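Enquirer: Okay, so here is target11.txt, and as you'll see once you scroll down, it has compact mmCIF, C-alpha atoms.
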# COMPACT_ATOMS: atom_id res chain seq x y z
CA MET A 1 142.40 -140.14 28.64
CA SER A 2 145.62 -141.94 27.90
CA ILE A 3 143.65 -144.99 26.81
CA TRP A 4 142.56 -143.02 23.75
CA THR A 5 146.04 -141.90 22.76
CA ASP A 6 147.19 -145.48 23.29
CA ALA A 7 144.37 -146.70 21.08
CA VAL A 8 145.27 -144.14 18.41
CA ASP A 9 148.89 -145.30 18.63
CA TRP A 10 147.71 -148.86 18.21
CA LEU A 11 145.55 -147.98 15.21
CA THR A 12 148.26 -145.97 13.48
CA ASP A 13 151.04 -148.49 14.08
CA SER A 14 151.87 -149.82 10.61
CA ALA A 15 152.63 -153.24 12.12
CA HIS A 16 148.89 -153.64 12.67
CA TRP A 17 148.02 -152.98 9.04
CA SER A 18 149.60 -155.97 7.32
CA GLY A 19 149.59 -159.76 7.49
CA ASP A 20 146.96 -162.16 8.78
CA ASP A 21 146.51 -160.21 12.02
CA GLY A 22 146.39 -156.93 10.13
CA VAL A 23 143.38 -154.66 10.00
CA PRO A 24 142.68 -155.06 6.23
CA HIS A 25 142.67 -158.86 6.48
CA ARG A 26 140.46 -158.85 9.60
CA LEU A 27 138.13 -156.31 8.03
CA LEU A 28 137.72 -158.42 4.88
CA GLN A 29 137.12 -161.50 7.03
CA HIS A 30 134.45 -159.66 8.98
CA LEU A 31 132.76 -158.43 5.80
CA GLY A 32 133.02 -161.93 4.31
CA TYR A 33 131.25 -163.57 7.26
CA THR A 34 128.60 -160.89 7.15
CA ALA A 35 127.94 -161.26 3.43
CA ASP A 36 127.94 -165.09 3.54
CA THR A 37 125.60 -165.22 6.51
CA VAL A 38 123.11 -162.67 5.26
CA LEU A 39 123.02 -164.31 1.81
CA ILE A 40 122.40 -167.81 3.21
CA ALA A 41 119.77 -166.45 5.61
CA ALA A 42 118.12 -164.49 2.79
CA VAL A 43 117.84 -167.58 0.58
CA ILE A 44 115.95 -169.26 3.43
CA ALA A 45 113.96 -166.36 4.86
CA ILE A 46 112.99 -164.16 1.92
CA PRO A 47 110.94 -166.73 -0.08
CA LEU A 48 109.30 -167.88 3.14
CA GLY A 49 108.57 -164.31 4.22
CA LEU A 50 107.13 -163.44 0.80
CA TRP A 51 104.92 -166.52 0.93
CA ILE A 52 103.68 -165.65 4.43
CA GLY A 53 103.09 -162.04 3.44
CA HIS A 54 101.34 -162.90 0.19
CA THR A 55 99.07 -165.64 1.52
CA GLY A 56 98.70 -164.41 5.08
CA ARG A 57 99.25 -167.99 6.28
CA MET A 58 101.47 -168.94 9.23
CA ARG A 59 101.63 -165.33 10.29
CA THR A 60 101.02 -165.93 13.98
CA ALA A 61 103.69 -168.63 14.03
CA ALA A 62 106.19 -166.36 12.28
CA VAL A 63 105.54 -163.51 14.70
CA SER A 64 105.93 -165.66 17.80
CA ILE A 65 109.07 -167.37 16.48
CA THR A 66 110.75 -164.06 15.65
CA GLY A 67 109.75 -162.82 19.11
CA ALA A 68 111.09 -165.89 20.89
CA LEU A 69 114.40 -165.77 19.02
CA ARG A 70 114.98 -162.28 20.36
CA ALA A 71 115.11 -163.70 23.88
CA LEU A 72 117.77 -166.29 22.97
CA PRO A 73 121.12 -165.12 24.26
CA THR A 74 123.53 -164.83 21.32
CA LEU A 75 126.57 -165.94 23.27
CA GLY A 76 124.77 -168.98 24.63
CA LEU A 77 123.58 -170.07 21.21
CA LEU A 78 127.08 -169.61 19.79
CA THR A 79 128.93 -171.58 22.44
CA PHE A 80 126.27 -174.27 22.38
CA ILE A 81 126.46 -174.83 18.62
CA VAL A 82 130.26 -174.86 18.70
CA LEU A 83 130.36 -177.52 21.39
CA PHE A 84 127.68 -179.45 19.59
CA ILE A 85 129.33 -179.50 16.17
CA GLY A 86 132.96 -178.76 16.98
CA ILE A 87 135.41 -175.95 16.43
CA GLY A 88 135.59 -174.49 12.95
CA LEU A 89 134.05 -171.94 10.68
CA THR A 90 130.68 -173.66 10.17
CA PRO A 91 129.21 -173.53 13.72
CA PRO A 92 129.48 -169.76 14.21
CA LEU A 93 128.15 -169.23 10.70
CA ILE A 94 125.15 -171.42 11.53
CA ALA A 95 124.52 -169.40 14.67
CA LEU A 96 124.79 -166.15 12.72
CA VAL A 97 122.38 -167.44 10.06
CA VAL A 98 119.88 -168.44 12.76
CA LEU A 99 120.15 -164.99 14.32
CA SER A 100 119.68 -163.07 11.08
CA ILE A 101 116.70 -165.04 9.78
CA PRO A 102 114.06 -163.32 11.99
CA SER A 103 114.89 -159.80 10.77
CA LEU A 104 114.81 -160.85 7.12
CA LEU A 105 111.62 -162.84 7.59
CA ALA A 106 109.87 -160.01 9.43
CA GLY A 107 111.03 -157.50 6.80
CA ALA A 108 109.58 -159.62 3.99
CA TYR A 109 106.19 -160.40 5.48
CA SER A 110 105.55 -157.08 7.17
CA GLY A 111 106.67 -155.34 3.98
CA LEU A 112 104.04 -157.20 1.98
CA GLU A 113 101.46 -156.56 4.68
CA SER A 114 102.09 -152.85 4.44
CA VAL A 115 100.86 -152.83 0.85
CA ASP A 116 97.36 -151.38 0.59
CA ARG A 117 94.77 -154.18 0.14
CA GLN A 118 92.89 -152.05 -2.38
CA THR A 119 95.97 -151.81 -4.58
CA ILE A 120 96.26 -155.59 -4.60
CA ASP A 121 92.55 -156.01 -5.29
CA ALA A 122 92.87 -153.54 -8.17
CA ALA A 123 95.78 -155.52 -9.60
CA ARG A 124 93.80 -158.73 -9.27
CA SER A 125 90.73 -157.20 -10.97
CA MET A 126 92.96 -156.09 -13.84
CA GLY A 127 93.64 -159.75 -14.47
CA MET A 128 97.15 -160.02 -13.04
CA THR A 129 98.17 -163.52 -11.97
CA GLU A 130 99.19 -164.09 -8.35
CA TRP A 131 102.83 -164.26 -9.47
CA GLN A 132 102.52 -160.95 -11.30
CA ILE A 133 100.87 -159.37 -8.28
CA LEU A 134 103.75 -160.57 -6.10
CA THR A 135 106.58 -159.52 -8.38
CA GLN A 136 105.14 -156.40 -10.00
CA VAL A 137 103.00 -154.91 -7.23
CA GLU A 138 103.78 -156.26 -3.79
CA ILE A 139 107.57 -156.59 -3.90
CA PRO A 140 108.23 -153.16 -5.46
CA LEU A 141 105.90 -151.47 -2.96
CA ALA A 142 107.36 -153.43 -0.04
CA LEU A 143 110.97 -152.90 -1.09
CA PRO A 144 111.90 -150.22 1.46
CA ILE A 145 110.74 -152.45 4.33
CA ILE A 146 112.41 -155.53 2.82
CA VAL A 147 115.67 -153.55 2.55
CA GLY A 148 115.06 -152.51 6.15
CA GLY A 149 115.06 -156.19 7.09
CA PHE A 150 118.43 -156.60 5.36
CA ARG A 151 119.68 -153.55 7.20
CA SER A 152 118.91 -154.88 10.66
CA ALA A 153 120.04 -158.41 9.78
CA THR A 154 123.38 -157.11 8.51
CA LEU A 155 123.98 -154.96 11.57
CA GLN A 156 123.08 -157.82 13.85
CA VAL A 157 125.55 -160.08 12.09
CA VAL A 158 128.31 -157.46 12.23
CA ALA A 159 127.73 -157.13 15.96
CA THR A 160 127.46 -160.85 16.61
CA ALA A 161 130.47 -161.78 14.47
CA THR A 162 132.37 -159.66 16.99
CA VAL A 163 131.09 -161.86 19.80
CA ALA A 164 131.78 -164.96 17.68
CA ALA A 165 135.50 -164.17 17.83
CA TYR A 166 135.25 -165.75 21.26
CA VAL A 167 134.58 -169.13 19.64
CA SER A 168 137.67 -168.69 17.47
CA LEU A 169 136.06 -166.97 14.52
CA GLY A 170 138.31 -164.37 12.87
CA GLY A 171 137.28 -160.86 11.99
CA LEU A 172 137.54 -157.60 13.87
CA GLY A 173 136.19 -159.13 17.07
CA ARG A 174 139.57 -160.85 17.50
CA TYR A 175 141.12 -157.56 18.61
CA ILE A 176 138.56 -157.18 21.39
CA ILE A 177 138.71 -160.82 22.54
CA ASP A 178 142.49 -161.15 22.24
CA GLY A 179 142.99 -157.75 23.83
CA GLN A 180 140.80 -158.81 26.75
CA ALA A 181 142.73 -162.06 27.15
CA THR A 182 146.11 -160.32 27.30
CA ARG A 183 144.91 -157.19 29.12
CA ASP A 184 145.95 -155.22 26.03
CA TYR A 185 143.40 -152.43 26.37
CA PRO A 186 144.67 -150.24 23.52
CA GLN A 187 144.10 -153.20 21.19
CA MET A 188 140.58 -153.72 22.61
CA VAL A 189 139.67 -150.09 22.18
CA GLY A 190 141.30 -149.88 18.73
CA GLY A 191 139.38 -152.97 17.60
CA SER A 192 136.14 -151.59 19.05
CA VAL A 193 136.58 -148.33 17.18
CA LEU A 194 137.03 -150.28 13.93
CA VAL A 195 133.90 -152.36 14.59
CA VAL A 196 131.85 -149.26 15.38
CA ALA A 197 133.13 -147.53 12.23
CA LEU A 198 132.24 -150.59 10.12
CA ALA A 199 128.75 -150.82 11.62
CA LEU A 200 128.06 -147.13 11.09
CA THR A 201 129.33 -147.29 7.50
CA LEU A 202 127.15 -150.28 6.62
CA ASP A 203 124.16 -148.65 8.30
CA GLY A 204 124.72 -145.52 6.25
CA ILE A 205 124.92 -147.54 3.02
CA PHE A 206 121.66 -149.31 3.85
CA ALA A 207 119.97 -146.02 4.74
CA GLY A 208 120.91 -144.83 1.25
CA LEU A 209 119.59 -148.03 -0.32
CA GLN A 210 116.30 -147.65 1.55
CA ARG A 211 115.98 -144.10 0.26
CA LEU A 212 116.64 -145.37 -3.27
CA ALA A 213 114.02 -148.09 -2.87
CA ARG A 214 111.54 -145.53 -1.64
CA GLY A 215 112.39 -142.98 -4.29
CA ALA A 216 112.10 -145.41 -7.18
CA ARG A 217 108.34 -144.96 -7.18
CA PRO A 218 105.70 -142.52 -5.95
CA ALA A 219 105.86 -141.88 -2.22
CA LEU A 220 104.35 -144.51 0.07
CA SER A 221 103.06 -143.51 3.46
CA PRO A 222 104.99 -140.75 5.22
CA SER A 223 105.60 -142.99 8.21
CA GLN A 224 109.14 -144.18 8.82
CA VAL A 225 109.90 -147.80 8.06
CA MET B 1 120.25 -181.96 35.87
CA SER B 2 122.44 -183.14 38.73
CA TRP B 3 124.91 -180.42 37.81
CA LEU B 4 122.19 -177.83 38.32
CA ILE B 5 121.28 -179.27 41.71
CA ASP B 6 124.90 -179.32 42.83
CA ASN B 7 125.54 -175.80 41.59
CA PHE B 8 122.20 -174.25 42.31
CA ALA B 9 123.58 -171.59 44.64
CA TYR B 10 126.07 -170.49 41.98
CA VAL B 11 123.46 -170.35 39.19
CA TRP B 12 121.05 -168.51 41.49
CA SER B 13 123.61 -165.87 42.41
CA LEU B 14 124.37 -165.34 38.70
CA THR B 15 120.63 -165.07 38.01
CA VAL B 16 120.19 -162.40 40.67
CA ARG B 17 123.18 -160.51 39.29
CA HIS B 18 121.85 -160.87 35.76
CA ALA B 19 118.44 -159.60 36.84
CA TRP B 20 120.04 -156.59 38.50
CA LEU B 21 122.24 -155.83 35.46
CA SER B 22 119.10 -155.96 33.28
CA ALA B 23 116.65 -154.11 35.49
CA VAL B 24 118.73 -150.97 35.95
CA PRO B 25 119.19 -150.31 32.19
CA ILE B 26 115.51 -151.04 31.48
CA VAL B 27 114.38 -148.52 34.11
CA VAL B 28 117.01 -145.91 33.24
CA GLY B 29 116.35 -146.25 29.50
CA PHE B 30 112.61 -145.86 30.02
CA VAL B 31 112.90 -142.84 32.30
CA VAL B 32 115.39 -141.11 30.00
CA ALA B 33 113.46 -141.89 26.82
CA LEU B 34 110.01 -140.68 27.92
CA PRO B 35 110.69 -136.93 27.96
CA ILE B 36 112.88 -137.14 24.84
CA GLY B 37 110.20 -139.06 22.94
CA TRP B 38 107.53 -136.64 24.15
CA TYR B 39 109.59 -133.64 23.11
CA ALA B 40 110.39 -135.18 19.71
CA ASP B 41 106.70 -135.84 19.10
CA ARG B 42 105.84 -132.20 19.85
CA HIS B 43 108.53 -130.81 17.56
CA PRO B 44 108.16 -132.55 14.19
CA ARG B 45 111.18 -130.79 12.76
CA LEU B 46 113.41 -132.16 15.52
CA ARG B 47 111.82 -135.58 15.38
CA GLY B 48 113.77 -136.74 12.33
CA SER B 49 117.17 -135.83 13.73
CA VAL B 50 116.42 -137.16 17.22
CA LEU B 51 115.22 -140.49 15.84
CA GLY B 52 118.15 -140.61 13.45
CA PHE B 53 120.58 -140.07 16.30
CA VAL B 54 119.10 -142.77 18.53
CA GLY B 55 119.04 -145.08 15.51
CA ILE B 56 122.79 -144.58 15.10
CA LEU B 57 123.36 -145.34 18.80
CA TYR B 58 121.57 -148.64 18.40
CA THR B 59 123.85 -149.54 15.48
CA ILE B 60 126.95 -149.73 17.69
CA PRO B 61 127.81 -153.39 18.43
CA SER B 62 127.43 -154.16 22.13
CA LEU B 63 130.81 -155.79 22.67
CA ALA B 64 132.54 -152.78 21.09
CA LEU B 65 130.53 -150.39 23.25
CA PHE B 66 131.37 -152.37 26.41
CA ALA B 67 135.06 -152.08 25.53
CA VAL B 68 135.04 -148.39 24.56
CA LEU B 69 133.02 -147.03 27.50
CA PRO B 70 135.76 -147.30 30.15
CA GLY B 71 137.88 -144.90 28.10
CA LEU B 72 134.99 -142.48 27.75
CA LEU B 73 133.80 -142.66 31.35
CA GLY B 74 137.02 -143.30 33.22
CA THR B 75 135.50 -146.42 34.79
CA GLY B 76 137.48 -149.59 35.34
CA PHE B 77 137.60 -152.08 32.48
CA LEU B 78 135.95 -154.80 34.51
CA SER B 79 133.35 -152.56 36.09
CA PRO B 80 129.70 -153.64 35.67
CA VAL B 81 128.92 -149.93 35.25
CA ASN B 82 130.12 -150.19 31.62
CA VAL B 83 127.56 -152.86 30.84
CA ILE B 84 124.79 -151.00 32.69
CA ILE B 85 125.47 -147.75 30.87
CA ALA B 86 125.84 -149.40 27.46
CA LEU B 87 122.57 -151.26 27.87
CA SER B 88 120.83 -148.12 29.17
CA ILE B 89 121.89 -146.41 25.94
CA TYR B 90 120.35 -149.22 23.85
CA ALA B 91 117.20 -149.27 25.96
CA ALA B 92 116.79 -145.51 25.62
CA ALA B 93 117.49 -145.73 21.89
CA ILE B 94 114.62 -148.19 21.34
CA MET B 95 112.30 -146.42 23.78
CA VAL B 96 112.68 -142.91 22.33
CA ARG B 97 111.26 -144.05 19.00
CA THR B 98 108.44 -145.99 20.66
CA ALA B 99 107.65 -143.10 23.01
CA SER B 100 107.44 -140.58 20.20
CA ASP B 101 105.15 -142.96 18.26
CA ALA B 102 103.08 -143.61 21.40
CA PHE B 103 102.56 -139.94 22.21
CA GLY B 104 101.87 -139.26 18.55
CA SER B 105 99.15 -141.91 18.53
CA VAL B 106 97.01 -139.91 20.96
CA SER B 107 94.28 -138.18 19.00
CA PRO B 108 94.74 -134.39 18.71
CA ALA B 109 91.00 -133.99 19.32
CA VAL B 110 91.37 -135.60 22.75
CA LEU B 111 94.25 -133.25 23.60
CA ASP B 112 92.22 -130.26 22.42
CA ALA B 113 89.33 -131.43 24.56
CA ALA B 114 91.66 -131.61 27.57
CA SER B 115 92.88 -128.07 26.92
CA ALA B 116 89.29 -126.89 26.54
CA ASN B 117 88.53 -128.41 29.92
CA GLY B 118 91.17 -126.19 31.45
CA TYR B 119 94.08 -128.64 31.74
CA SER B 120 97.46 -126.94 31.83
CA PRO B 121 100.01 -128.27 29.31
CA ALA B 122 101.76 -130.22 32.08
CA GLN B 123 98.50 -131.72 33.38
CA ARG B 124 97.48 -132.53 29.86
CA ALA B 125 100.74 -134.36 29.17
CA LEU B 126 100.75 -136.30 32.45
CA ARG B 127 97.08 -137.03 32.98
CA VAL B 128 95.74 -137.39 29.45
CA GLN B 129 98.53 -138.07 26.98
CA LEU B 130 100.67 -140.37 29.14
CA PRO B 131 97.87 -142.77 30.13
CA LEU B 132 96.55 -142.92 26.57
CA ALA B 133 100.05 -143.61 25.23
CA GLY B 134 100.50 -146.28 27.90
CA PRO B 135 99.67 -149.43 25.92
CA VAL B 136 102.07 -148.52 23.08
CA LEU B 137 104.76 -147.61 25.62
CA LEU B 138 104.27 -150.96 27.31
CA ALA B 139 104.67 -152.83 24.02
CA GLY B 140 107.98 -151.05 23.41
CA LEU B 141 109.15 -151.64 26.95
CA ARG B 142 108.54 -155.36 26.60
CA VAL B 143 110.84 -155.46 23.56
CA VAL B 144 113.46 -153.50 25.49
CA ALA B 145 113.23 -155.84 28.48
CA VAL B 146 113.66 -159.04 26.50
CA SER B 147 116.56 -157.79 24.40
CA THR B 148 118.32 -156.28 27.42
CA VAL B 149 118.16 -159.55 29.35
CA SER B 150 119.59 -161.30 26.30
CA LEU B 151 122.41 -158.75 25.82
CA VAL B 152 123.65 -158.74 29.42
CA SER B 153 125.29 -162.11 28.84
CA VAL B 154 127.71 -160.62 26.28
CA GLY B 155 129.24 -158.72 29.21
CA ALA B 156 130.76 -162.02 30.34
CA LEU B 157 133.26 -161.67 27.48
CA ILE B 158 134.77 -158.57 29.05
CA GLY B 159 134.70 -160.16 32.50
CA VAL B 160 131.43 -158.82 33.92
CA SER B 161 129.80 -161.91 35.37
CA SER B 162 126.15 -162.77 34.76
CA LEU B 163 124.35 -165.83 33.43
CA GLY B 164 126.67 -165.28 30.44
CA SER B 165 129.48 -166.61 32.64
CA LEU B 166 127.83 -170.03 32.29
CA PHE B 167 128.45 -169.77 28.53
CA THR B 168 132.11 -168.78 28.79
CA ASP B 169 132.73 -171.29 31.57
CA GLY B 170 130.89 -174.09 29.77
CA TYR B 171 132.78 -173.30 26.58
CA ARG B 172 136.17 -173.34 28.32
CA ARG B 173 135.40 -176.66 29.95
CA THR B 174 133.63 -178.13 26.89
CA PHE B 175 130.59 -178.71 29.08
CA ASN B 176 127.33 -178.33 27.18
CA THR B 177 125.02 -178.83 30.16
CA GLU B 178 126.22 -175.61 31.73
CA ILE B 179 125.57 -173.71 28.49
CA VAL B 180 122.08 -175.17 28.09
CA ILE B 181 121.24 -174.24 31.68
CA GLY B 182 122.57 -170.74 30.99
CA ILE B 183 120.36 -170.39 27.92
CA ALA B 184 117.31 -171.76 29.75
CA ALA B 185 117.88 -169.47 32.73
CA THR B 186 118.31 -166.42 30.47
CA VAL B 187 115.14 -167.15 28.51
CA LEU B 188 113.29 -167.84 31.76
CA LEU B 189 114.48 -164.55 33.23
CA ALA B 190 113.35 -162.73 30.07
CA LEU B 191 109.93 -164.36 30.44
CA VAL B 192 109.71 -163.32 34.10
CA PHE B 193 110.54 -159.71 33.18
CA ASP B 194 107.98 -159.81 30.38
CA LEU B 195 105.30 -161.27 32.64
CA PHE B 196 106.04 -158.65 35.29
CA LEU B 197 105.60 -155.87 32.73
CA VAL B 198 102.32 -157.33 31.49
CA LEU B 199 101.01 -157.53 35.07
CA MET B 200 102.18 -153.99 35.80
CA GLY B 201 100.30 -152.93 32.68
CA ARG B 202 97.12 -154.60 33.94
CA VAL B 203 97.42 -152.90 37.32
CA LEU B 204 98.35 -149.45 36.03
CA MET B 205 96.12 -149.45 32.96
CA PRO B 206 93.01 -151.46 33.87
CA TRP B 207 91.08 -149.87 31.02
CA ALA B 208 93.44 -151.31 28.39
CA SER B 209 92.35 -154.88 29.07
CA LEU B 210 88.63 -154.13 28.98
CA GLY B 211 88.62 -154.55 25.24
CA ARG B 212 87.67 -150.97 24.53
CA PRO B 213 89.58 -149.31 21.72
CA VAL B 214 92.55 -147.62 23.33
CA ARG B 215 93.67 -145.59 20.40
CA SER B 216 91.40 -143.53 18.27
CA ALA B 217 92.34 -143.47 14.61
CA ALA B 218 95.10 -140.91 14.23
Let me see the file written as structure tokens.
Expert:
Amino acid sequence: MSIWTDAVDWLTDSAHWSGDDGVPHRLLQHLGYTADTVLIAAVIAIPLGLWIGHTGRMRTAAVSITGALRALPTLGLLTFIVLFIGIGLTPPLIALVVLSIPSLLAGAYSGLESVDRQTIDAARSMGMTEWQILTQVEIPLALPIIVGGFRSATLQVVATATVAAYVSLGGLGRYIIDGQATRDYPQMVGGSVLVVALALTLDGIFAGLQRLARGARPALSPSQV
Amino acid sequence: MSWLIDNFAYVWSLTVRHAWLSAVPIVVGFVVALPIGWYADRHPRLRGSVLGFVGILYTIPSLALFAVLPGLLGTGFLSPVNVIIALSIYAAAIMVRTASDAFGSVSPAVLDAASANGYSPAQRALRVQLPLAGPVLLAGLRVVAVSTVSLVSVGALIGVSSLGSLFTDGYRRTFNTEIVIGIAATVLLALVFDLFLVLMGRVLMPWASLGRPVRSAA
């Protein structure tokens, strides 16, 4: 297909690799949004998720909220927040934070839930305080699942930051949105290829991290996280 | 509210379109995933690579996939087929994992008993394993349905109209009402799909709602 050779031409054109519209700048922007969003969301969701997982309280509420958020259309939420607050960097970041909280929350509480009750009882009977149980028993054992939460949150943000280019956010999504606006299909396809490559790379890194988290201690259950 | 009344025909036509763009991928994804998940469950050595592959497919951002597919398929850039195929890929990617877990959850003793009763492998798969895996399959399908309905709206960015068009249109005109109605209609449609699946489950699997244990401990 000529669209592919055109896209390759677009990707290899040195004019597209420098300046504010250039691939390196857009890539760094995209990674920056992703890191900012996931960090902010983690500060909110991880302590909450650990609390829910440790105490078992609010579990039903957490499950139904994470379920309901899945039905919310990303694009609708994005455009709504932008019109509500105004154009700028903050509204799309808020929307991205809202979208990545459920994955992180679910990772934290379901990770803690996956820890064998007998192990926790044993730790308690050895005289460990609740804080010690959380930090020295539950979190280490739950780590692969918690990292799994970060993995899906990150991928979701990478994907949604692409969509957020529509509400004037920068990043790699610009190529797809701008390409669509000007009927510049090679640019759209070139940008898409970059986004896919970024998503696959990040997913691979997180898969490695999950393996590390799992390998740092004796094997848990054989079931996949 | 008056905007909705004035534009009800428009919103309704987008809803019908949205429902159609969601239903096809959900059905296609389910039908494609069942045999793959069943096969993966029966061949543990293949299971890892099959699940790894579908996991990678799910990693691809939707907007990027919508934009790349025309080049791969030779379809037009504005064709709804791109959205349908992309979402079918996601649906199948989620369902394969669920299906392999669902088939795996059926107790081997039950399958042995079926074989001992003279069931052929095909009969055993269709008449024993499939019904017993049903409740887990249904749970996965409900996730697929809700996320598919939500993702269809992204297609509006590449010019495939759906309820997502209310977002792009509302954004262009700085008109929040239209966006809120779009969100409400999308969530409502997702609920309708979910409810439909739950009812289908009740009709097709009456035993699952009797409160008897469906799965024996694997």
Enquirer: Of the residues B:Phe103, B:Phe53, B:Phe167, B:Phe193, which is the one nearest to Pro135 in chain B, using all atoms listed in the file?
Expert: B:Phe103
Enquirer: Within 7 Å of chain B, which residues of chain A show up? Give each one with its shortest atom-to-atom distance in Å (one decimal) and the two atoms involved, counting only C-alpha atoms, rows by chain then rising residue number, as JSON lines.
Expert:
{"residue": "A:Met1", "atom": "CA", "partner": "B:Gly71", "partner_atom": "CA", "distance": 6.6}
{"residue": "A:Ile3", "atom": "CA", "partner": "B:Gly71", "partner_atom": "CA", "distance": 5.9}
{"residue": "A:Trp4", "atom": "CA", "partner": "B:Gly71", "partner_atom": "CA", "distance": 6.7}
{"residue": "A:Arg70", "atom": "CA", "partner": "B:Ser147", "partner_atom": "CA", "distance": 6.2}
{"residue": "A:Ala71", "atom": "CA", "partner": "B:Val146", "partner_atom": "CA", "distance": 5.5}
{"residue": "A:Leu72", "atom": "CA", "partner": "B:Val187", "partner_atom": "CA", "distance": 6.2}
{"residue": "A:Pro73", "atom": "CA", "partner": "B:Ser150", "partner_atom": "CA", "distance": 4.6}
{"residue": "A:Leu75", "atom": "CA", "partner": "B:Val154", "partner_atom": "CA", "distance": 6.2}
{"residue": "A:Gly76", "atom": "CA", "partner": "B:Phe167", "partner_atom": "CA", "distance": 5.4}
{"residue": "A:Thr79", "atom": "CA", "partner": "B:Tyr171", "partner_atom": "CA", "distance": 5.9}
{"residue": "A:Phe80", "atom": "CA", "partner": "B:Ile179", "partner_atom": "CA", "distance": 6.2}
{"residue": "A:Leu83", "atom": "CA", "partner": "B:Thr174", "partner_atom": "CA", "distance": 6.4}
{"residue": "A:Leu155", "atom": "CA", "partner": "B:Thr59", "partner_atom": "CA", "distance": 6.7}
{"residue": "A:Ala159", "atom": "CA", "partner": "B:Pro61", "partner_atom": "CA", "distance": 4.5}
{"residue": "A:Val163", "atom": "CA", "partner": "B:Leu63", "partner_atom": "CA", "distance": 6.7}
{"residue": "A:Gln180", "atom": "CA", "partner": "B:Ile158", "partner_atom": "CA", "distance": 6.5}
{"residue": "A:Met188", "atom": "CA", "partner": "B:Ala67", "partner_atom": "CA", "distance": 6.5}
{"residue": "A:Val189", "atom": "CA", "partner": "B:Val68", "partner_atom": "CA", "distance": 5.5}
{"residue": "A:Ser192", "atom": "CA", "partner": "B:Ala64", "partner_atom": "CA", "distance": 4.3}
{"residue": "A:Val195", "atom": "CA", "partner": "B:Ala64", "partner_atom": "CA", "distance": 6.7}
{"residue": "A:Val196", "atom": "CA", "partner": "B:Ile60", "partner_atom": "CA", "distance": 5.4}
{"residue": "A:Ala199", "atom": "CA", "partner": "B:Thr59", "partner_atom": "CA", "distance": 6.4}
{"residue": "A:Leu200", "atom": "CA", "partner": "B:Thr59", "partner_atom": "CA", "distance": 6.5}
Enquirer: In terms of the shortest atom-to-atom distance over all atoms listed in the file, which of B:Arg17, B:Arg42, B:Arg202, B:Arg127 is closest to Ala99 in chain B?
Expert: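 Using all atoms listed in the file, the shortest distance to Ala99 in chain B belongs to B:Arg42.
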Enquirer: If we count all atoms listed in the file and set the cut-off at 12 Å, which residues sit around range 23-30 of chain B, ignoring sequence neighbours fewer than 6 positions away in its own chain? Please answer as a PyMOL selection string.
Expert: chain B and resi 15-17+36-37+54+80-99+137-138+140-149+151-152+189-190+192-194+196-197
Enquirer: List the spatial neighbours of Ala165 in chain A as number ranges by chain - criterion: any atom at most 7 Å away, all atoms listed in the file, same-chain residues fewer than 5 positions off excluded.
Expert: A: 170-171, 173-174, 177
Enquirer: What does the distance from CA of Val63 in chain A to CA of Ser114 in chain A come to in Å, to one decimal?
Expert: 15.2 Å
Enquirer: What does the distance between CA of Leu48 in chain A and CA of Ala142 in chain A come to in Å, to one decimal place?
Expert: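 Taking CA of Leu48 in chain A as the start and CA of Ala142 in chain A as the end point, the length is 14.9 Å.
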Enquirer: Quick one: pull the distance between CA of Gly127 in chain A and CA of Ser110 in chain A, Å, one decimal.
Expert: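 Result for CA of Gly127 in chain A versus CA of Ser110 in chain A: 24.8 Å, one decimal.
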